[in-house]
Amino acid sequence: MPGHPRITIRLTPALELLRKKRRPDGRWLMDAVHPDYLNAGKLPDWWPKYKHRLSPFSLERAGRPSKMITLRAMTVLGRVGS
């Protein structure tokens, strides 16, 4: 992390994890999709009837290479000079 004086030792473990999760083809996977609908607070009255048909919204599938996560990871590594 040369040339970047603002990087502290606290950032090193996060950068190591980011590098470790990079695939051989240079992309990162989407690990999981956050189940937003379960954290919405009070669930609507129709929830019990339809809960088995609902799934979290996601632009990309979990377990597959992600364009957005790859872009974010490359941006972070680029900013720290890795």
# chains A, B, ... in the order shown; residues from 1 in each chain; ligands from 1
>>> residues_around(residues="region 14-21 of chain A", least_positions_apart="4", cutoff="12 Å", atoms="only C-alpha atoms", output="list of chain:residue names")
A:Met1, A:Ile7, A:Thr8, A:Ile9, A:Arg10, A:Asp25, A:Gly26, A:Arg27, A:Trp28, A:Leu29, A:Met30, A:Asp31, A:Pro65, A:Ile69, A:Thr70, A:Arg72, A:Ala73, A:Met74, A:Thr75, A:Val76, A:Leu77, A:Gly78, A:Arg79, A:Val80, A:Gly81, A:Ser82
>>> write_last_selection(atoms="C-alpha atoms", output="CSV table (one decimal), in the first residue's frame")
chain,number,residue,atom,x,y,z
A,1,MET,CA,0.0,0.0,0.0
A,7,ILE,CA,-4.1,3.9,4.9
A,8,THR,CA,-3.8,2.7,8.5
A,9,ILE,CA,-3.1,-0.8,9.8
A,10,ARG,CA,-6.9,-1.1,10.6
A,25,ASP,CA,-10.8,-14.5,-13.7
A,26,GLY,CA,-10.5,-11.2,-11.8
A,27,ARG,CA,-14.2,-11.0,-10.8
A,28,TRP,CA,-15.9,-11.2,-7.4
A,29,LEU,CA,-19.0,-13.2,-6.6
A,30,MET,CA,-22.2,-12.0,-5.0
A,31,ASP,CA,-22.2,-14.0,-1.8
A,65,PRO,CA,-19.9,-13.2,-10.6
A,69,ILE,CA,-19.4,-6.0,-6.7
A,70,THR,CA,-16.4,-6.3,-9.1
A,72,ARG,CA,-16.8,-1.6,-6.3
A,73,ALA,CA,-13.9,-3.9,-5.3
A,74,MET,CA,-11.7,-2.7,-8.2
A,75,THR,CA,-12.5,0.9,-7.3
A,76,VAL,CA,-11.4,0.3,-3.7
A,77,LEU,CA,-8.2,-1.5,-4.7
A,78,GLY,CA,-7.4,1.2,-7.2
A,79,ARG,CA,-7.8,4.0,-4.7
A,80,VAL,CA,-5.4,2.3,-2.3
A,81,GLY,CA,-2.9,1.6,-5.0
A,82,SER,CA,-3.2,-2.2,-5.1
>>> atom_distance(atom1="CA of Arg64 (chain A)", atom2="CA of Arg22 (chain A)")
12.5 Å
